[in-house]
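J.: Have a peek at entry_15.pdb (PDB, C-alpha atoms).
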ATOM      1  CA  ASN A 255     -13.573-140.309-177.643
ATOM      2  CA  PHE A 256     -11.812-137.022-178.068
ATOM      3  CA  PHE A 257      -8.403-138.659-177.828
ATOM      4  CA  LYS A 258      -9.221-141.305-180.451
ATOM      5  CA  ASN A 259      -7.956-140.613-183.969
ATOM      6  CA  THR A 260      -6.473-137.282-182.991
ATOM      7  CA  GLU A 261      -3.093-135.854-182.143
ATOM      8  CA  CYS A 262      -4.535-134.188-179.048
ATOM      9  CA  THR A 263      -2.453-135.065-175.992
ATOM     10  CA  GLU A 264      -3.778-132.522-173.516
ATOM     11  CA  LEU A 265      -7.346-131.576-172.655
ATOM     12  CA  TYR A 266      -8.599-128.758-170.423
ATOM     13  CA  ILE A 267     -12.123-129.265-169.099
ATOM     14  CA  TYR A 268     -14.653-127.464-166.972
ATOM     15  CA  ASP A 269     -17.883-129.032-165.757
ATOM     16  CA  THR A 270     -20.159-127.970-162.928
ATOM     17  CA  ASN A 271     -20.584-131.683-162.183
ATOM     18  CA  ALA A 272     -17.417-133.012-160.512
ATOM     19  CA  ASP A 273     -18.380-136.638-161.255
ATOM     20  CA  SER A 274     -18.602-135.911-164.978
ATOM     21  CA  ALA A 275     -15.165-134.298-164.926
ATOM     22  CA  LYS A 276     -13.728-137.331-163.122
ATOM     23  CA  GLN A 277     -15.196-139.625-165.797
ATOM     24  CA  VAL A 278     -13.317-137.692-168.468
ATOM     25  CA  VAL A 279     -10.076-138.039-166.514
ATOM     26  CA  GLU A 280     -10.644-141.804-166.098
ATOM     27  CA  ALA A 281     -11.333-142.254-169.825
ATOM     28  CA  ALA A 282      -8.273-140.281-170.925
ATOM     29  CA  GLN A 283      -6.207-143.350-171.853
ATOM     30  CA  GLY A 284      -3.021-141.961-170.288
ATOM     31  CA  LYS A 285      -3.375-138.526-171.887
ATOM     32  CA  THR A 286      -3.283-135.341-169.810
ATOM     33  CA  VAL A 287      -6.620-133.951-168.644
ATOM     34  CA  LYS A 288      -6.630-130.817-166.527
ATOM     35  CA  ILE A 289      -9.786-129.909-164.642
ATOM     36  CA  CYS A 290     -10.230-126.133-164.684
ATOM     37  CA  SER A 291     -12.005-123.897-162.187
ATOM     38  CA  SER A 292     -13.938-121.913-164.826
ATOM     39  CA  PRO A 293     -14.605-121.593-168.554
ATOM     40  CA  ALA A 294     -12.165-118.647-168.515
ATOM     41  CA  GLU A 295      -9.386-120.942-167.314
ATOM     42  CA  VAL A 296     -10.107-123.326-170.188
ATOM     43  CA  ALA A 297      -9.961-120.461-172.703
ATOM     44  CA  LYS A 298      -6.705-119.206-171.207
ATOM     45  CA  HIS A 299      -5.015-122.525-172.067
ATOM     46  CA  ALA A 300      -6.880-123.973-175.066
ATOM     47  CA  LYS A 301      -7.165-122.628-178.616
ATOM     48  CA  LYS A 302      -9.901-125.138-179.526
ATOM     49  CA  ILE A 303     -12.988-125.198-177.312
ATOM     50  CA  ILE A 304     -16.289-127.032-177.455
ATOM     51  CA  THR A 305     -19.284-126.313-175.243
ATOM     52  CA  MET A 306     -22.527-128.262-174.775
ATOM     53  CA  LEU A 307     -24.835-126.338-172.481
ATOM     54  CA  PRO A 308     -28.501-126.678-171.459
ATOM     55  CA  ASN A 309     -30.030-123.325-172.461
ATOM     56  CA  CYS A 310     -29.539-119.764-173.720
ATOM     57  CA  SER A 311     -28.968-118.154-170.335
ATOM     58  CA  VAL A 312     -26.242-120.656-169.415
ATOM     59  CA  VAL A 313     -24.588-120.167-172.821
ATOM     60  CA  GLN A 314     -24.596-116.389-172.291
ATOM     61  CA  GLU A 315     -23.087-116.775-168.803
ATOM     62  CA  VAL A 316     -20.396-119.251-169.858
ATOM     63  CA  TYR A 317     -19.255-117.037-172.729
ATOM     64  CA  THR A 318     -19.752-113.486-171.473
ATOM     65  CA  ASN A 319     -19.281-113.424-167.693
ATOM     66  CA  PRO A 320     -16.553-110.777-167.246
ATOM     67  CA  THR A 321     -14.677-112.859-164.653
ATOM     68  CA  THR A 322     -15.323-116.514-165.462
ATOM     69  CA  GLY A 323     -16.487-116.434-169.088
ATOM     70  CA  ILE A 324     -14.705-117.785-172.135
ATOM     71  CA  PHE A 325     -14.548-114.379-173.821
ATOM     72  CA  SER A 326     -12.711-112.881-170.814
ATOM     73  CA  THR A 327      -9.515-114.846-171.606
ATOM     74  CA  ILE A 328      -9.969-116.222-175.137
ATOM     75  CA  GLN A 329      -6.874-116.267-177.331
ATOM     76  CA  GLU A 330      -6.964-114.594-180.740
ATOM     77  CA  GLY A 331      -7.276-117.199-183.499
ATOM     78  CA  SER A 332      -9.124-119.709-181.294
ATOM     79  CA  VAL A 333     -11.762-122.052-182.707
ATOM     80  CA  VAL A 334     -14.874-122.337-180.528
ATOM     81  CA  VAL A 335     -17.761-124.713-181.202
ATOM     82  CA  ASP A 336     -21.012-124.313-179.288
ATOM     83  CA  SER A 337     -23.040-127.516-179.503
ATOM     84  CA  SER A 338     -25.899-126.304-177.346
ATOM     85  CA  THR A 339     -29.387-126.220-178.808
ATOM     86  CA  VAL A 340     -30.188-122.528-178.416
ATOM     87  CA  ALA A 341     -31.994-119.710-180.182
ATOM     88  CA  PRO A 342     -30.242-118.412-183.314
ATOM     89  CA  LEU A 343     -30.170-114.905-181.811
ATOM     90  CA  THR A 344     -27.994-116.189-178.944
ATOM     91  CA  ILE A 345     -25.304-117.428-181.315
ATOM     92  CA  ARG A 346     -25.524-114.353-183.553
ATOM     93  CA  THR A 347     -25.000-112.092-180.528
ATOM     94  CA  LEU A 348     -22.017-114.131-179.350
ATOM     95  CA  GLY A 349     -20.778-114.241-182.933
ATOM     96  CA  GLN A 350     -20.371-110.469-183.042
ATOM     97  CA  THR A 351     -18.191-110.583-179.930
ATOM     98  CA  ALA A 352     -16.228-113.453-181.489
ATOM     99  CA  VAL A 353     -15.534-111.372-184.606
ATOM    100  CA  ASN A 354     -14.334-108.487-182.427
ATOM    101  CA  LYS A 355     -11.999-110.860-180.559
ATOM    102  CA  LYS A 356     -10.746-112.425-183.826
ATOM    103  CA  ILE A 357     -11.916-115.951-183.067
ATOM    104  CA  SER A 358     -14.053-118.391-185.058
ATOM    105  CA  LEU A 359     -17.327-119.281-183.303
ATOM    106  CA  PHE A 360     -19.377-122.131-184.758
ATOM    107  CA  ASP A 361     -22.984-123.042-183.982
ATOM    108  CA  ALA A 362     -23.052-126.858-184.043
ATOM    109  CA  PRO A 363     -25.961-128.540-182.289
ATOM    110  CA  VAL A 364     -25.824-132.328-182.158
ATOM    111  CA  SER A 365     -28.083-135.271-182.778
ATOM    112  CA  GLY A 366     -27.619-138.711-181.320
ATOM    113  CA  GLY A 367     -27.909-138.544-177.545
ATOM    114  CA  ILE A 368     -25.728-139.820-174.737
ATOM    115  CA  MET A 369     -24.996-143.252-176.225
ATOM    116  CA  ALA A 370     -23.877-141.714-179.525
ATOM    117  CA  ALA A 371     -21.651-139.284-177.646
ATOM    118  CA  ALA A 372     -20.058-142.122-175.681
ATOM    119  CA  SER A 373     -19.276-144.036-178.868
ATOM    120  CA  GLY A 374     -18.154-141.065-180.993
ATOM    121  CA  GLN A 375     -21.217-141.334-183.216
ATOM    122  CA  LEU A 376     -22.774-137.879-182.927
ATOM    123  CA  THR A 377     -24.062-135.925-185.881
ATOM    124  CA  PHE A 378     -22.980-132.274-185.811
ATOM    125  CA  MET A 379     -24.951-129.690-187.790
ATOM    126  CA  VAL A 380     -22.462-126.853-188.203
ATOM    127  CA  GLY A 381     -23.199-123.208-188.898
ATOM    128  CA  SER A 382     -20.014-121.309-189.721
ATOM    129  CA  PRO A 383     -19.085-117.635-189.280
ATOM    130  CA  ALA A 384     -17.760-117.613-192.868
ATOM    131  CA  ALA A 385     -18.059-120.140-195.695
ATOM    132  CA  ALA A 386     -14.333-120.843-195.773
ATOM    133  CA  ASP A 387     -14.243-121.594-192.025
ATOM    134  CA  PHE A 388     -16.211-124.881-192.052
ATOM    135  CA  LYS A 389     -13.043-126.987-192.402
ATOM    136  CA  LYS A 390     -11.731-125.593-189.084
ATOM    137  CA  ALA A 391     -14.717-127.005-187.223
ATOM    138  CA  GLU A 392     -14.869-130.199-189.249
ATOM    139  CA  SER A 393     -11.315-131.278-188.404
ATOM    140  CA  PHE A 394     -11.820-130.420-184.729
ATOM    141  CA  LEU A 395     -15.100-132.358-184.419
ATOM    142  CA  GLN A 396     -14.126-135.435-186.439
ATOM    143  CA  PRO A 397     -13.091-137.605-183.446
ATOM    144  CA  LEU A 398     -16.541-137.125-181.901
ATOM    145  CA  ALA A 399     -18.660-137.572-184.998
ATOM    146  CA  LYS A 400     -20.354-140.079-187.198
ATOM    147  CA  SER A 401     -21.179-137.226-189.535
ATOM    148  CA  ILE A 402     -20.641-133.493-189.765
ATOM    149  CA  VAL A 403     -23.108-131.504-191.841
ATOM    150  CA  ASP A 404     -22.242-128.087-193.284
ATOM    151  CA  CYS A 405     -25.369-125.991-192.650
ATOM    152  CA  GLY A 406     -23.991-122.806-194.147
ATOM    153  CA  LEU A 407     -23.527-119.519-192.359
ATOM    154  CA  THR A 408     -24.514-118.932-188.736
TER     155      THR A 408
END
Take the structure in this file and express it as C-alpha cells.
T.:
Amino acid sequence: NFFKNTECTELYIYDTNADSAKQVVEAAQGKTVKICSSPAEVAKHAKKIITMLPNCSVVQEVYTNPTTGIFSTIQEGSVVVDSSTVAPLTIRTLGQTAVNKKISLFDAPVSGGIMAAASGQLTFMVGSPAAADFKKAESFLQPLAKSIVDCGLT
C-alpha cells in the first residue's frame, strides 16, 4: 500500500524475515524496492523511515546499534516514524538523540492489525517532537492509513 496514492517510486526495506521482504518486492507494482542488509543501510539512503518492531529492546537495537542502527547513518532532516508499541521512556530517550542529529522522530503506534495493514486501513496515533511537526508525519503516513490522530507531543 505504500506505493498507492503517493509519488514514492523507490523503497528501501530491511526485515529480519526474508519472506516478508520478498512479499514487499512482489507487491511493488513495478516500483523499485531495494532490500537492505541493515537498518543503517536504509537510513543511509532514505530520508523518510518507518519502523514497526516487537518490543523496547529491539527498538533500542534497531535505532542505536553503533554499526547497524538507524542513528549511525541517519541523514539530517530525515523524518522517522516508530510505530512500535513501546514504553514512552523508550521513545523519549531516542527522541533526545533525534534532536541532537537534527531529525524528526515520531511515536506512532497503530491500531487495526494485519488485515488493516494489508488494505491501507490502519489508524496511526501520532506523538510529535514539536506541535508544528505533525504535518510531516501525516503526509508520510497517509498512504497506509484510514485515519491519523494527532496525539500531541511525544
J.: Would you mind telling me which residue in A:Asn309, A:Tyr266, A:Ser332, A:Asn271 lies nearest to Cys290 in chain A when using all atoms listed in the file?
T.: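 Answer, going by the shortest atom-to-atom distance: A:Tyr266.
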J.: Return the single residue from A:Asn319, A:Thr347, A:Ser337, A:Thr263 that is closest to Met379 in chain A, with distances computed using all atoms listed in the file.
T.: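 So, comparing all the options, the nearest one is A:Ser337.
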J.: Using the chain letters and numbering of this document, enumerate as a PyMOL selection string the residues selected by the PyMOL selection byres ((chain A and resi 278) around 10).
T.: chain A and resi 255-256+265+267+273-277+279-283+287-289
J.: Kindly resolve the PyMOL selection byres ((chain A and resi 334) around 6) on the present coordinates and return the residues as a list in words.
T.: Lys302, Ile303, Ile304, Val333, Val335 and Leu359 of chain A
J.: What gap, in Å, lies between CA of Lys356 in chain A and CA of Glu330 in chain A?
T.: 5.3 Å
J.: In Å, how far is it from CA of Gly367 in chain A to CA of Cys310 in chain A?
T.: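 CA of Cys310 in chain A lies 19.2 Å from CA of Gly367 in chain A.
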J.: With 8 Å as the threshold, what does the neighbourhood of (-25.9, -121.0, -188.2) contain in terms of residues, counting all atoms listed in the file? Coordinates are those of the file; answer as an MDAnalysis selection string.
T.: chainID A and resid 342 345 360:362 380:383 405:408
J.: Filtering to C-alpha atoms, could you give me those residues as a PDB file, in the coordinates of the input?
T.:
ATOM      1  CA  PRO A 342     -30.242-118.412-183.314  1.00  0.00           C
ATOM      2  CA  ILE A 345     -25.304-117.428-181.315  1.00  0.00           C
ATOM      3  CA  PHE A 360     -19.377-122.131-184.758  1.00  0.00           C
ATOM      4  CA  ASP A 361     -22.984-123.042-183.982  1.00  0.00           C
ATOM      5  CA  ALA A 362     -23.052-126.858-184.043  1.00  0.00           C
ATOM      6  CA  VAL A 380     -22.462-126.853-188.203  1.00  0.00           C
ATOM      7  CA  GLY A 381     -23.199-123.208-188.898  1.00  0.00           C
ATOM      8  CA  SER A 382     -20.014-121.309-189.721  1.00  0.00           C
ATOM      9  CA  PRO A 383     -19.085-117.635-189.280  1.00  0.00           C
ATOM     10  CA  CYS A 405     -25.369-125.991-192.650  1.00  0.00           C
ATOM     11  CA  GLY A 406     -23.991-122.806-194.147  1.00  0.00           C
ATOM     12  CA  LEU A 407     -23.527-119.519-192.359  1.00  0.00           C
ATOM     13  CA  THR A 408     -24.514-118.932-188.736  1.00  0.00           C
TER      14      THR A 408
END
J.: For the provided coordinates, the residues matched by the PyMOL selection byres ((chain A and resi 377) around 12) should be stated as a PyMOL selection string.
T.: chain A and resi 337+362-368+370-371+373-376+378-380+392+395-404
J.: CA of Val353 in chain A to CA of Leu307 in chain A: how many Å, to one decimal?
T.: 21.4 Å
J.: Compare A:Tyr317, A:Ala372, A:Ala391, A:Ile357 by their minimum atom-to-atom distance to Gly331 in chain A, counting all atoms listed in the file, and give me the closest one.
T.: A:Ile357
J.: Calculated over only C-alpha atoms, which of the candidates A:Ser292, A:Ser338, A:Thr270, A:Ser326 has the smallest distance to Pro308 in chain A?
T.: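 When distances to Pro308 in chain A are compared using only C-alpha atoms, the smallest one comes from A:Ser338.
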J.: Using only C-alpha atoms, pick whichever of A:Thr344, A:Thr305, A:Ser311, A:Asn354 has the shortest atom-to-atom distance to Ile324 in chain A.
T.: A:Thr305
J.: Write out as lines of an AutoDock Vina configuration file an axis-aligned box for range 272-277 of chain A: all of its atoms listed in the file, 8 Å added on each side, centre and edge lengths in Å with one decimal.
T.:
center_x = -16.2
center_y = -136.3
center_z = -163.2
size_x = 20.9
size_y = 22.6
size_z = 21.3
